[in-house]
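Take a look at the structure set out below.
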Amino acid sequence: MQVLVVGSGPAGLMVGAALATRGHSVVSVDRDPGPTPQGWRRRGVMQFDHAHNFRPQVGQLLADEWPAAYDGWQERGAIEMDGGSGRGGMLSRRSTLERALWAAARRQPGLELRTGHVDHLLLEDGRVCGASVDGQRAVADLVVDASGRSSRVAVAGTSRSDARLDGDCGLAYIDRCYQLHPGSDPGPQNTPLGFIGEFDGYQCLVFLHERGHFSVVLVRPTADAALALLRVEAVFEAACAAIPVLAAWTDPARAVPTSGVMVGGALRNVYRSQVLLPGLVTVGDAVATTTPTRGRGVAMACMQIAALLRLLDDGADPVTVAAPFDSWCEQNIVPWVADHVAIDGGMVQRWQGHDIDLASPLTSNLIAEALPVEPRIGPYSGGYFAMTELPETLRPAEPLARAVYETGWRPPLEEGPSRDELVGIIERTTAVAAT
């Protein structure tokens, strides 16, 4: 086939390379010309420089479908965590992953990288037959839309805006990148990823990356305007100094900042069905996006790509493969987006001071969080945490978790200032700065 991939982010490059290795002729088009020795910033990709973690699905897809990219990622320092009997997640910055993918793509036979803007898709006899790229026709037997969460791939001048699920996450985050001094050990960890902790009215995360790099993330309710000032560098530093675990990680004797303070906002949980035009299929963030703090985005893209490749390998017609692929996504991707909608809504409610609603079904995170008190939840939770089983696999454990919460037990909060105390720190810091 002649394949045109719209977008050369992780999803576009991975699906393009996998199709190229199967003997197809693939062109991947992106506005971004890719990394250069002088540096690189992904235009229009807010999450490019922000904190990331990569679940086992990412390394698994690369190892299976594109070993050259997987090896290149590791050569750039990416570390595979111990996955027990299976593959583990990867510690790496997103920029490091994308550099590895672009380097491998430039050497991949059958895959051409083209810089340009896709104006719209071409339609002929009721099917997509290519795209207009900077005003020039690019014909294709199959078009893959991997253009990301803001996909505006259009047919006949109409943009794709239908959403099966769509809701504001209710959360925003502020993060900053650091690097450990040579010989320095990481700060306190409660997970192989780094640190994940709930506080009174907010959340803190630390994600380990490659070669001593790590990211510190503060997550707040979008509606909490007072905490929005954490985006100010002096305020962010004061907050880190006041939160014991972050104070340890960001101690100047241990680490040095390698970026400014970055803001991640306008976060939405979205699922879009396939357009179901012959010759067109959509993958990655153009299908589903979820709250970044749980690290499911690139993993879900890899799950989609693996499913699409299985369908094609099993003889599905590339012209009409969107229909069975859409059915697969309905069964295997929609539940994860719905899971985020429920989790985020409940988290915001609790940060606003509301107790757990025991009259309603418990969200999956609350079921899982009762595990330290009720070990019988364990057999139901492993697949959920690894994303190898859908969230519904936790449902049989809900009565066990509910019994725990009915005793009055609640997941313990980490040591650190409350939301109100954090606001006080913000006010004092901004007052000093103003004088």
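We name chains A, B, ... following the order of the structure tokens; residues begin at 1 in each chain, and ligands are numbered from 1 as shown.
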Could you give me the residues within range 147-203 of chain A that DSSP places in strand (DSSP E), as a list in words? Ala154, Val155, Thr158, Ser159, Leu165, Asp166, Gly167, Asp168, Leu171, Ala172, Tyr173, Ile174, Asp175, Arg176, Cys177, Tyr178, Gln179, Leu180, Gly194, Phe195, Ile196, Gly197, Glu198, Phe199, Tyr202 and Gln203 of chain A
Counting only C-alpha atoms, what is within 8 Å of range 164-169 of chain A, bar same-chain residues fewer than 4 positions away, as a list in words? Ala266, Leu267, Arg268, Asn269, Val270, Tyr271, Arg272, Ser273, Thr291, Val337, Ala338, Val341, Asp344 and Gly345 of chain A
Would you kindly return, as an NGL selection string, each protein, DNA or RNA residue with an atom no farther than 9 Å from any atom of Asp32 in chain A, considering only C-alpha atoms and excluding same-chain residues fewer than 6 positions away? :A and (7-8 or 41-43 or 115-116)
If we count only C-alpha atoms, what is near Val263 in chain A at a cut-off of 9 Å, once residues fewer than 6 positions away on the same chain are taken out, given as an NGL selection string? :A and (46 or 50 or 172-176 or 231)
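From CA of Cys177 in chain A back to CA of Val256 in chain A, the distance works out to 8.7 Å.
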Neighbouring residues of range 405-420 of chain A were defined as those with any atom within 12 Å, considering only C-alpha atoms; residues of the same chain fewer than 3 positions away were excluded. Please report them as a short mmCIF file (atom, residue, chain, number, x, y, z; two decimals) with all heavy atoms, in the first residue's frame.
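As written to disk, around.cif reads:
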data_model
loop_
_atom_site.label_atom_id
_atom_site.label_comp_id
_atom_site.auth_asym_id
_atom_site.auth_seq_id
_atom_site.Cartn_x
_atom_site.Cartn_y
_atom_site.Cartn_z
N ASN A 190 8.28 6.15 46.92
CA ASN A 190 7.30 5.17 47.37
C ASN A 190 6.79 4.33 46.20
O ASN A 190 5.82 3.59 46.32
CB ASN A 190 6.12 5.84 48.10
CG ASN A 190 5.40 6.86 47.24
OD1 ASN A 190 5.66 6.98 46.03
ND2 ASN A 190 4.49 7.61 47.85
N PHE A 195 7.87 9.10 43.18
CA PHE A 195 7.01 9.37 44.33
C PHE A 195 5.64 9.83 43.84
O PHE A 195 5.54 10.64 42.91
CB PHE A 195 7.62 10.45 45.22
CG PHE A 195 6.74 10.88 46.36
CD1 PHE A 195 6.71 10.15 47.54
CD2 PHE A 195 5.93 12.00 46.25
CE1 PHE A 195 5.88 10.52 48.58
CE2 PHE A 195 5.10 12.38 47.28
CZ PHE A 195 5.08 11.64 48.45
N ILE A 196 4.59 9.29 44.45
CA ILE A 196 3.22 9.73 44.18
C ILE A 196 2.54 9.90 45.52
O ILE A 196 2.46 8.95 46.31
CB ILE A 196 2.45 8.71 43.32
CG1 ILE A 196 3.13 8.51 41.97
CG2 ILE A 196 1.00 9.16 43.12
CD1 ILE A 196 2.50 7.43 41.11
N GLY A 197 2.06 11.11 45.80
CA GLY A 197 1.47 11.35 47.11
C GLY A 197 0.28 12.28 47.08
O GLY A 197 0.26 13.26 46.34
N GLU A 198 -0.72 11.94 47.91
CA GLU A 198 -1.90 12.79 48.09
C GLU A 198 -1.71 13.64 49.34
O GLU A 198 -1.30 13.14 50.40
CB GLU A 198 -3.16 11.93 48.24
CG GLU A 198 -3.55 11.16 47.00
CD GLU A 198 -4.05 12.05 45.88
OE1 GLU A 198 -4.60 13.14 46.21
OE2 GLU A 198 -3.88 11.69 44.71
N PHE A 199 -2.03 14.93 49.19
CA PHE A 199 -1.95 15.86 50.30
C PHE A 199 -3.34 16.45 50.53
O PHE A 199 -4.29 16.10 49.82
CB PHE A 199 -0.91 16.95 50.01
CG PHE A 199 0.50 16.42 49.94
CD1 PHE A 199 0.94 15.72 48.83
CD2 PHE A 199 1.38 16.61 50.99
CE1 PHE A 199 2.24 15.23 48.75
CE2 PHE A 199 2.68 16.13 50.93
CZ PHE A 199 3.11 15.43 49.81
N ASP A 200 -3.46 17.30 51.49
CA ASP A 200 -4.75 17.91 51.80
C ASP A 200 -5.05 19.00 50.78
O ASP A 200 -4.65 20.15 50.92
CB ASP A 200 -4.71 18.50 53.22
CG ASP A 200 -6.02 19.16 53.62
OD1 ASP A 200 -7.02 18.99 52.90
OD2 ASP A 200 -6.04 19.85 54.66
N GLY A 201 -5.77 18.64 49.71
CA GLY A 201 -6.19 19.62 48.72
C GLY A 201 -5.36 19.68 47.47
O GLY A 201 -5.63 20.50 46.58
N TYR A 202 -4.34 18.82 47.33
CA TYR A 202 -3.50 18.82 46.13
C TYR A 202 -2.74 17.51 46.07
O TYR A 202 -2.85 16.66 46.98
CB TYR A 202 -2.55 20.02 46.12
CG TYR A 202 -1.59 20.07 47.30
CD1 TYR A 202 -0.27 19.62 47.17
CD2 TYR A 202 -1.99 20.56 48.54
CE1 TYR A 202 0.62 19.67 48.24
CE2 TYR A 202 -1.12 20.61 49.62
CZ TYR A 202 0.18 20.16 49.47
OH TYR A 202 1.04 20.20 50.52
N GLN A 203 -1.96 17.35 45.03
CA GLN A 203 -1.20 16.12 44.82
C GLN A 203 0.22 16.47 44.39
O GLN A 203 0.44 17.49 43.72
CB GLN A 203 -1.88 15.26 43.74
CG GLN A 203 -1.24 13.90 43.50
CD GLN A 203 -1.92 13.14 42.36
OE1 GLN A 203 -2.24 13.72 41.34
NE2 GLN A 203 -2.14 11.85 42.54
N CYS A 204 1.19 15.64 44.77
CA CYS A 204 2.58 15.81 44.34
C CYS A 204 3.07 14.52 43.71
O CYS A 204 2.76 13.42 44.18
CB CYS A 204 3.48 16.15 45.53
SG CYS A 204 3.15 17.74 46.28
N LEU A 205 3.83 14.67 42.65
CA LEU A 205 4.43 13.52 41.98
C LEU A 205 5.88 13.85 41.64
O LEU A 205 6.20 14.99 41.32
CB LEU A 205 3.69 13.16 40.70
CG LEU A 205 2.17 12.95 40.78
CD1 LEU A 205 1.43 14.22 40.38
CD2 LEU A 205 1.74 11.81 39.89
N LEU A 218 3.23 19.34 40.70
CA LEU A 218 2.19 19.72 41.68
C LEU A 218 0.86 19.78 40.93
O LEU A 218 0.74 20.46 39.91
CB LEU A 218 2.50 21.07 42.31
CG LEU A 218 3.76 21.14 43.18
CD1 LEU A 218 4.07 22.59 43.58
CD2 LEU A 218 3.60 20.28 44.43
N VAL A 219 -0.13 19.05 41.42
CA VAL A 219 -1.44 18.97 40.77
C VAL A 219 -2.47 19.64 41.66
O VAL A 219 -2.53 19.38 42.87
CB VAL A 219 -1.85 17.50 40.52
CG1 VAL A 219 -3.12 17.44 39.70
CG2 VAL A 219 -0.72 16.74 39.83
N ARG A 220 -3.28 20.51 41.06
CA ARG A 220 -4.28 21.27 41.81
C ARG A 220 -5.62 21.22 41.10
O ARG A 220 -5.69 20.95 39.89
CB ARG A 220 -3.85 22.73 41.92
CG ARG A 220 -3.85 23.45 40.58
CD ARG A 220 -3.60 24.95 40.70
NE ARG A 220 -3.60 25.61 39.39
CZ ARG A 220 -4.68 26.13 38.82
NH1 ARG A 220 -5.87 26.06 39.44
NH2 ARG A 220 -4.62 26.71 37.64
N PRO A 221 -6.72 21.49 41.81
CA PRO A 221 -8.01 21.66 41.13
C PRO A 221 -7.96 22.89 40.22
O PRO A 221 -7.45 23.94 40.63
CB PRO A 221 -9.01 21.85 42.28
CG PRO A 221 -8.32 21.36 43.50
CD PRO A 221 -6.86 21.59 43.27
N ASP A 224 -9.23 26.10 41.72
CA ASP A 224 -8.54 26.71 42.86
C ASP A 224 -7.55 27.76 42.34
O ASP A 224 -6.37 27.48 42.12
CB ASP A 224 -7.82 25.63 43.66
CG ASP A 224 -7.37 26.13 45.03
OD1 ASP A 224 -7.21 27.36 45.18
OD2 ASP A 224 -7.19 25.30 45.94
N ALA A 225 -8.05 28.97 42.15
CA ALA A 225 -7.23 30.03 41.56
C ALA A 225 -6.04 30.40 42.43
O ALA A 225 -5.00 30.82 41.92
CB ALA A 225 -8.10 31.26 41.29
N ALA A 226 -6.18 30.26 43.75
CA ALA A 226 -5.09 30.65 44.64
C ALA A 226 -3.84 29.80 44.38
O ALA A 226 -2.71 30.30 44.44
CB ALA A 226 -5.53 30.54 46.09
N LEU A 227 -4.04 28.52 44.08
CA LEU A 227 -2.89 27.65 43.84
C LEU A 227 -2.30 27.83 42.45
O LEU A 227 -1.22 27.31 42.15
CB LEU A 227 -3.30 26.18 44.03
CG LEU A 227 -3.68 25.76 45.46
CD1 LEU A 227 -3.95 24.27 45.52
CD2 LEU A 227 -2.59 26.15 46.47
N ALA A 238 9.32 27.83 46.84
CA ALA A 238 8.90 27.90 48.24
C ALA A 238 8.00 26.72 48.59
O ALA A 238 8.10 26.16 49.70
CB ALA A 238 8.18 29.22 48.50
N ALA A 239 7.12 26.34 47.68
CA ALA A 239 6.24 25.20 47.93
C ALA A 239 7.05 23.92 48.06
O ALA A 239 6.82 23.11 48.96
CB ALA A 239 5.21 25.08 46.81
N CYS A 240 8.01 23.73 47.17
CA CYS A 240 8.86 22.53 47.24
C CYS A 240 9.62 22.48 48.55
O CYS A 240 9.77 21.42 49.17
CB CYS A 240 9.83 22.50 46.06
SG CYS A 240 9.06 22.12 44.47
N ALA A 241 10.11 23.63 49.00
CA ALA A 241 10.86 23.67 50.25
C ALA A 241 9.98 23.35 51.45
O ALA A 241 10.47 22.83 52.46
CB ALA A 241 11.49 25.05 50.42
N ALA A 242 8.67 23.62 51.34
CA ALA A 242 7.75 23.39 52.47
C ALA A 242 7.20 21.98 52.51
O ALA A 242 6.68 21.55 53.54
CB ALA A 242 6.59 24.39 52.39
N ILE A 243 7.27 21.26 51.42
CA ILE A 243 6.75 19.88 51.35
C ILE A 243 7.94 18.95 51.55
O ILE A 243 8.83 18.88 50.69
CB ILE A 243 6.07 19.64 50.00
CG1 ILE A 243 4.90 20.61 49.81
CG2 ILE A 243 5.59 18.19 49.89
CD1 ILE A 243 4.32 20.64 48.40
N PRO A 244 8.02 18.24 52.68
CA PRO A 244 9.25 17.52 53.04
C PRO A 244 9.82 16.63 51.94
O PRO A 244 11.02 16.68 51.67
CB PRO A 244 8.82 16.71 54.26
CG PRO A 244 7.75 17.54 54.90
CD PRO A 244 7.00 18.16 53.75
N VAL A 245 9.00 15.84 51.28
CA VAL A 245 9.54 14.93 50.27
C VAL A 245 10.11 15.70 49.08
O VAL A 245 11.15 15.33 48.53
CB VAL A 245 8.46 13.91 49.82
CG1 VAL A 245 7.33 14.59 49.07
CG2 VAL A 245 9.08 12.81 48.97
N LEU A 246 9.45 16.80 48.70
CA LEU A 246 9.97 17.60 47.59
C LEU A 246 11.20 18.39 48.00
O LEU A 246 12.10 18.62 47.18
CB LEU A 246 8.88 18.54 47.06
CG LEU A 246 7.62 17.89 46.50
CD1 LEU A 246 6.75 18.93 45.81
CD2 LEU A 246 7.96 16.76 45.53
N ALA A 247 11.24 18.81 49.26
CA ALA A 247 12.42 19.51 49.75
C ALA A 247 13.65 18.62 49.64
O ALA A 247 14.75 19.09 49.29
CB ALA A 247 12.20 19.95 51.20
N ARG A 350 -13.09 15.43 46.65
CA ARG A 350 -12.43 15.21 47.94
C ARG A 350 -11.47 16.36 48.25
O ARG A 350 -11.35 16.77 49.41
CB ARG A 350 -11.68 13.88 47.92
CG ARG A 350 -12.63 12.69 47.93
CD ARG A 350 -11.92 11.38 48.20
NE ARG A 350 -10.93 11.05 47.18
CZ ARG A 350 -11.23 10.50 46.01
NH1 ARG A 350 -12.49 10.24 45.71
NH2 ARG A 350 -10.28 10.23 45.13
N TRP A 351 -10.80 16.92 47.24
CA TRP A 351 -9.92 18.05 47.49
C TRP A 351 -10.71 19.28 47.94
O TRP A 351 -10.17 20.17 48.59
CB TRP A 351 -9.13 18.38 46.23
CG TRP A 351 -8.02 17.41 45.97
CD1 TRP A 351 -7.62 16.39 46.77
CD2 TRP A 351 -7.16 17.38 44.83
NE1 TRP A 351 -6.57 15.71 46.20
CE2 TRP A 351 -6.27 16.29 45.02
CE3 TRP A 351 -7.05 18.14 43.69
CZ2 TRP A 351 -5.28 15.98 44.09
CZ3 TRP A 351 -6.06 17.82 42.76
CH2 TRP A 351 -5.19 16.75 42.96
N GLN A 352 -11.97 19.32 47.59
CA GLN A 352 -12.83 20.41 48.03
C GLN A 352 -13.45 20.15 49.39
O GLN A 352 -14.28 20.92 49.86
CB GLN A 352 -13.93 20.66 46.99
CG GLN A 352 -13.40 21.20 45.66
CD GLN A 352 -14.46 21.30 44.59
OE1 GLN A 352 -15.53 20.68 44.70
NE2 GLN A 352 -14.19 22.07 43.55
N GLY A 353 -13.06 19.05 50.02
CA GLY A 353 -13.51 18.77 51.38
C GLY A 353 -14.63 17.77 51.52
O GLY A 353 -15.08 17.49 52.64
N ASP A 355 -16.45 14.10 51.58
CA ASP A 355 -16.04 12.75 51.94
C ASP A 355 -16.36 11.79 50.79
O ASP A 355 -17.09 12.13 49.85
CB ASP A 355 -16.77 12.30 53.20
CG ASP A 355 -16.14 11.06 53.84
OD1 ASP A 355 -15.02 10.70 53.44
OD2 ASP A 355 -16.78 10.45 54.72
N ILE A 356 -15.83 10.59 50.86
CA ILE A 356 -16.13 9.56 49.88
C ILE A 356 -17.62 9.24 49.92
O ILE A 356 -18.20 9.05 50.99
CB ILE A 356 -15.31 8.29 50.16
CG1 ILE A 356 -13.81 8.58 50.00
CG2 ILE A 356 -15.73 7.14 49.25
CD1 ILE A 356 -12.91 7.45 50.45
N ASP A 357 -18.25 9.20 48.77
CA ASP A 357 -19.68 8.92 48.68
C ASP A 357 -19.89 7.41 48.66
O ASP A 357 -19.76 6.76 47.62
CB ASP A 357 -20.25 9.56 47.40
CG ASP A 357 -21.74 9.32 47.25
OD1 ASP A 357 -22.36 8.79 48.21
OD2 ASP A 357 -22.29 9.66 46.18
N LEU A 358 -20.21 6.86 49.81
CA LEU A 358 -20.40 5.42 49.92
C LEU A 358 -21.75 4.96 49.39
O LEU A 358 -22.02 3.75 49.31
CB LEU A 358 -20.24 4.97 51.37
CG LEU A 358 -18.82 5.14 51.95
CD1 LEU A 358 -18.79 4.74 53.41
CD2 LEU A 358 -17.82 4.33 51.15
N ALA A 359 -22.61 5.91 49.00
CA ALA A 359 -23.90 5.55 48.41
C ALA A 359 -23.77 5.30 46.91
O ALA A 359 -24.71 4.81 46.28
CB ALA A 359 -24.92 6.66 48.67
N LEU A 362 -17.87 2.78 44.07
CA LEU A 362 -16.53 3.29 44.31
C LEU A 362 -15.76 3.33 43.01
O LEU A 362 -15.86 2.43 42.18
CB LEU A 362 -15.79 2.39 45.31
CG LEU A 362 -16.33 2.34 46.74
CD1 LEU A 362 -15.51 1.36 47.57
CD2 LEU A 362 -16.30 3.73 47.38
N ASN A 365 -9.79 3.75 41.56
CA ASN A 365 -8.64 4.14 42.38
C ASN A 365 -8.92 3.95 43.86
O ASN A 365 -8.04 3.55 44.63
CB ASN A 365 -8.22 5.58 42.09
CG ASN A 365 -9.27 6.60 42.48
OD1 ASN A 365 -10.45 6.41 42.18
ND2 ASN A 365 -8.87 7.68 43.12
N LEU A 366 -10.17 4.21 44.29
CA LEU A 366 -10.52 4.01 45.70
C LEU A 366 -10.52 2.53 46.06
O LEU A 366 -10.12 2.15 47.17
CB LEU A 366 -11.88 4.63 45.99
CG LEU A 366 -11.93 6.16 46.01
CD1 LEU A 366 -13.36 6.63 46.21
CD2 LEU A 366 -11.03 6.71 47.12
N ILE A 367 -10.95 1.69 45.14
CA ILE A 367 -10.89 0.25 45.40
C ILE A 367 -9.44 -0.17 45.57
O ILE A 367 -9.08 -0.86 46.53
CB ILE A 367 -11.56 -0.53 44.25
CG1 ILE A 367 -13.04 -0.18 44.14
CG2 ILE A 367 -11.39 -2.04 44.47
CD1 ILE A 367 -13.73 -0.78 42.93
N ALA A 368 -8.59 0.27 44.66
CA ALA A 368 -7.18 -0.12 44.70
C ALA A 368 -6.48 0.44 45.94
O ALA A 368 -5.61 -0.22 46.52
CB ALA A 368 -6.48 0.34 43.44
N GLU A 369 -6.85 1.65 46.36
CA GLU A 369 -6.17 2.29 47.49
C GLU A 369 -6.48 1.61 48.82
O GLU A 369 -5.78 1.83 49.81
CB GLU A 369 -6.54 3.77 47.55
CG GLU A 369 -5.86 4.59 46.47
CD GLU A 369 -6.35 6.03 46.42
OE1 GLU A 369 -7.15 6.41 47.31
OE2 GLU A 369 -5.96 6.75 45.50
N ALA A 370 -7.52 0.79 48.86
CA ALA A 370 -7.84 0.05 50.09
C ALA A 370 -7.02 -1.22 50.23
O ALA A 370 -7.12 -1.92 51.24
CB ALA A 370 -9.34 -0.28 50.13
N LEU A 371 -6.18 -1.53 49.23
CA LEU A 371 -5.39 -2.75 49.23
C LEU A 371 -4.51 -2.91 50.47
O LEU A 371 -4.43 -4.02 51.03
CB LEU A 371 -4.54 -2.82 47.95
CG LEU A 371 -3.54 -3.97 47.83
CD1 LEU A 371 -4.25 -5.31 47.88
CD2 LEU A 371 -2.73 -3.84 46.53
N PRO A 372 -3.82 -1.86 50.98
CA PRO A 372 -2.98 -2.06 52.15
C PRO A 372 -3.75 -2.55 53.38
O PRO A 372 -3.17 -3.20 54.26
CB PRO A 372 -2.38 -0.67 52.40
CG PRO A 372 -2.43 0.00 51.07
CD PRO A 372 -3.69 -0.49 50.43
N VAL A 373 -5.04 -2.21 53.44
CA VAL A 373 -5.86 -2.62 54.58
C VAL A 373 -6.54 -3.97 54.31
O VAL A 373 -6.75 -4.76 55.23
CB VAL A 373 -6.93 -1.55 54.89
CG1 VAL A 373 -7.80 -1.95 56.08
CG2 VAL A 373 -6.26 -0.21 55.16
N GLU A 374 -6.87 -4.22 53.04
CA GLU A 374 -7.60 -5.43 52.66
C GLU A 374 -6.82 -6.17 51.57
O GLU A 374 -6.99 -5.94 50.38
CB GLU A 374 -9.00 -5.06 52.17
CG GLU A 374 -9.86 -6.20 51.69
CD GLU A 374 -9.87 -7.39 52.63
OE1 GLU A 374 -9.00 -8.27 52.48
OE2 GLU A 374 -10.74 -7.42 53.52
N GLU A 398 -14.99 -4.49 44.90
CA GLU A 398 -15.61 -3.30 45.49
C GLU A 398 -16.21 -3.57 46.87
O GLU A 398 -16.02 -2.75 47.79
CB GLU A 398 -16.67 -2.73 44.56
CG GLU A 398 -17.30 -1.46 45.12
CD GLU A 398 -18.44 -0.92 44.26
OE1 GLU A 398 -18.95 -1.68 43.42
OE2 GLU A 398 -18.82 0.24 44.46
N PRO A 399 -16.93 -4.68 47.10
CA PRO A 399 -17.47 -4.90 48.45
C PRO A 399 -16.39 -4.97 49.53
O PRO A 399 -16.60 -4.52 50.65
CB PRO A 399 -18.21 -6.24 48.32
CG PRO A 399 -18.54 -6.35 46.86
CD PRO A 399 -17.39 -5.72 46.15
N LEU A 400 -15.22 -5.52 49.16
CA LEU A 400 -14.13 -5.57 50.12
C LEU A 400 -13.65 -4.16 50.47
O LEU A 400 -13.42 -3.84 51.64
CB LEU A 400 -12.97 -6.38 49.55
CG LEU A 400 -13.26 -7.85 49.20
CD1 LEU A 400 -12.08 -8.47 48.47
CD2 LEU A 400 -13.58 -8.63 50.47
N ALA A 401 -13.49 -3.31 49.46
CA ALA A 401 -13.05 -1.94 49.69
C ALA A 401 -14.12 -1.14 50.44
O ALA A 401 -13.81 -0.36 51.35
CB ALA A 401 -12.72 -1.26 48.37
N ARG A 402 -15.38 -1.35 50.06
CA ARG A 402 -16.46 -0.62 50.71
C ARG A 402 -16.50 -0.92 52.21
O ARG A 402 -16.70 -0.02 53.04
CB ARG A 402 -17.80 -0.98 50.06
CG ARG A 402 -18.99 -0.18 50.61
CD ARG A 402 -20.26 -0.58 49.88
NE ARG A 402 -20.15 -0.25 48.45
CZ ARG A 402 -20.36 0.96 47.96
NH1 ARG A 402 -20.68 1.96 48.78
NH2 ARG A 402 -20.24 1.19 46.68
N VAL A 423 -1.51 27.96 50.53
CA VAL A 423 -1.94 29.29 50.08
C VAL A 423 -1.22 30.37 50.89
O VAL A 423 -0.78 31.40 50.35
CB VAL A 423 -3.46 29.45 50.19
CG1 VAL A 423 -3.88 30.91 49.97
CG2 VAL A 423 -4.16 28.55 49.18
N GLY A 424 -1.06 30.13 52.21
CA GLY A 424 -0.34 31.09 53.04
C GLY A 424 1.10 31.25 52.59
O GLY A 424 1.64 32.37 52.56
N ILE A 425 1.74 30.15 52.22
CA ILE A 425 3.12 30.20 51.72
C ILE A 425 3.17 31.01 50.43
O ILE A 425 4.07 31.83 50.22
CB ILE A 425 3.65 28.77 51.50
CG1 ILE A 425 3.80 28.06 52.84
CG2 ILE A 425 4.96 28.79 50.73
CD1 ILE A 425 4.05 26.56 52.71
N ILE A 426 2.18 30.78 49.56
CA ILE A 426 2.11 31.52 48.30
C ILE A 426 1.97 33.02 48.56
O ILE A 426 2.67 33.85 47.95
CB ILE A 426 0.94 31.00 47.44
CG1 ILE A 426 1.22 29.57 46.98
CG2 ILE A 426 0.69 31.92 46.25
CD1 ILE A 426 0.04 28.89 46.32
N GLU A 427 1.08 33.37 49.46
CA GLU A 427 0.84 34.80 49.75
C GLU A 427 2.08 35.46 50.32
O GLU A 427 2.43 36.59 49.95
CB GLU A 427 -0.35 34.93 50.70
CG GLU A 427 -1.68 34.54 50.05
CD GLU A 427 -2.83 34.52 51.05
OE1 GLU A 427 -2.55 34.52 52.28
OE2 GLU A 427 -4.01 34.51 50.62
#
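Contact shell of Arg114 in chain A at 12 Å (only C-alpha atoms; same-chain neighbours under 4 positions omitted): Leu4, Val5, Val6, Gly7, Ser8, Leu13, Val26, Val27, Ser28, Val29, Asp30, Arg31, Asp32, Pro33, Gly34, Trp102, Ala105, Arg106, Val118, Val133, Asp134 and Ala138 of chain A.
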Excluding range 304-310 of chain A and its own-chain neighbours fewer than 4 positions away, which residues fall within 12 Å of it when counting only C-alpha atoms? Please give them as number ranges by chain. A: 10-22, 57-58, 60-66, 144-146, 281-288, 297-300, 314-318, 320-334
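Distances to Arg107 in chain A were evaluated for A:Ala68, A:Ser85, A:Gln136, A:Val261 using only C-alpha atoms, and the minimum falls at A:Ala68.
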As a PyMOL selection string, please: every residue in range 198-417 of chain A that a backbone DSSP assignment puts in alpha helix (DSSP H). chain A and resi 233-242+244-250+297-313+322-332+334-351+364-369+378-386+398-406
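Our summary of the geometry notes that CA of Thr36 in chain A is positioned 26.6 Å from CA of Ser132 in chain A.
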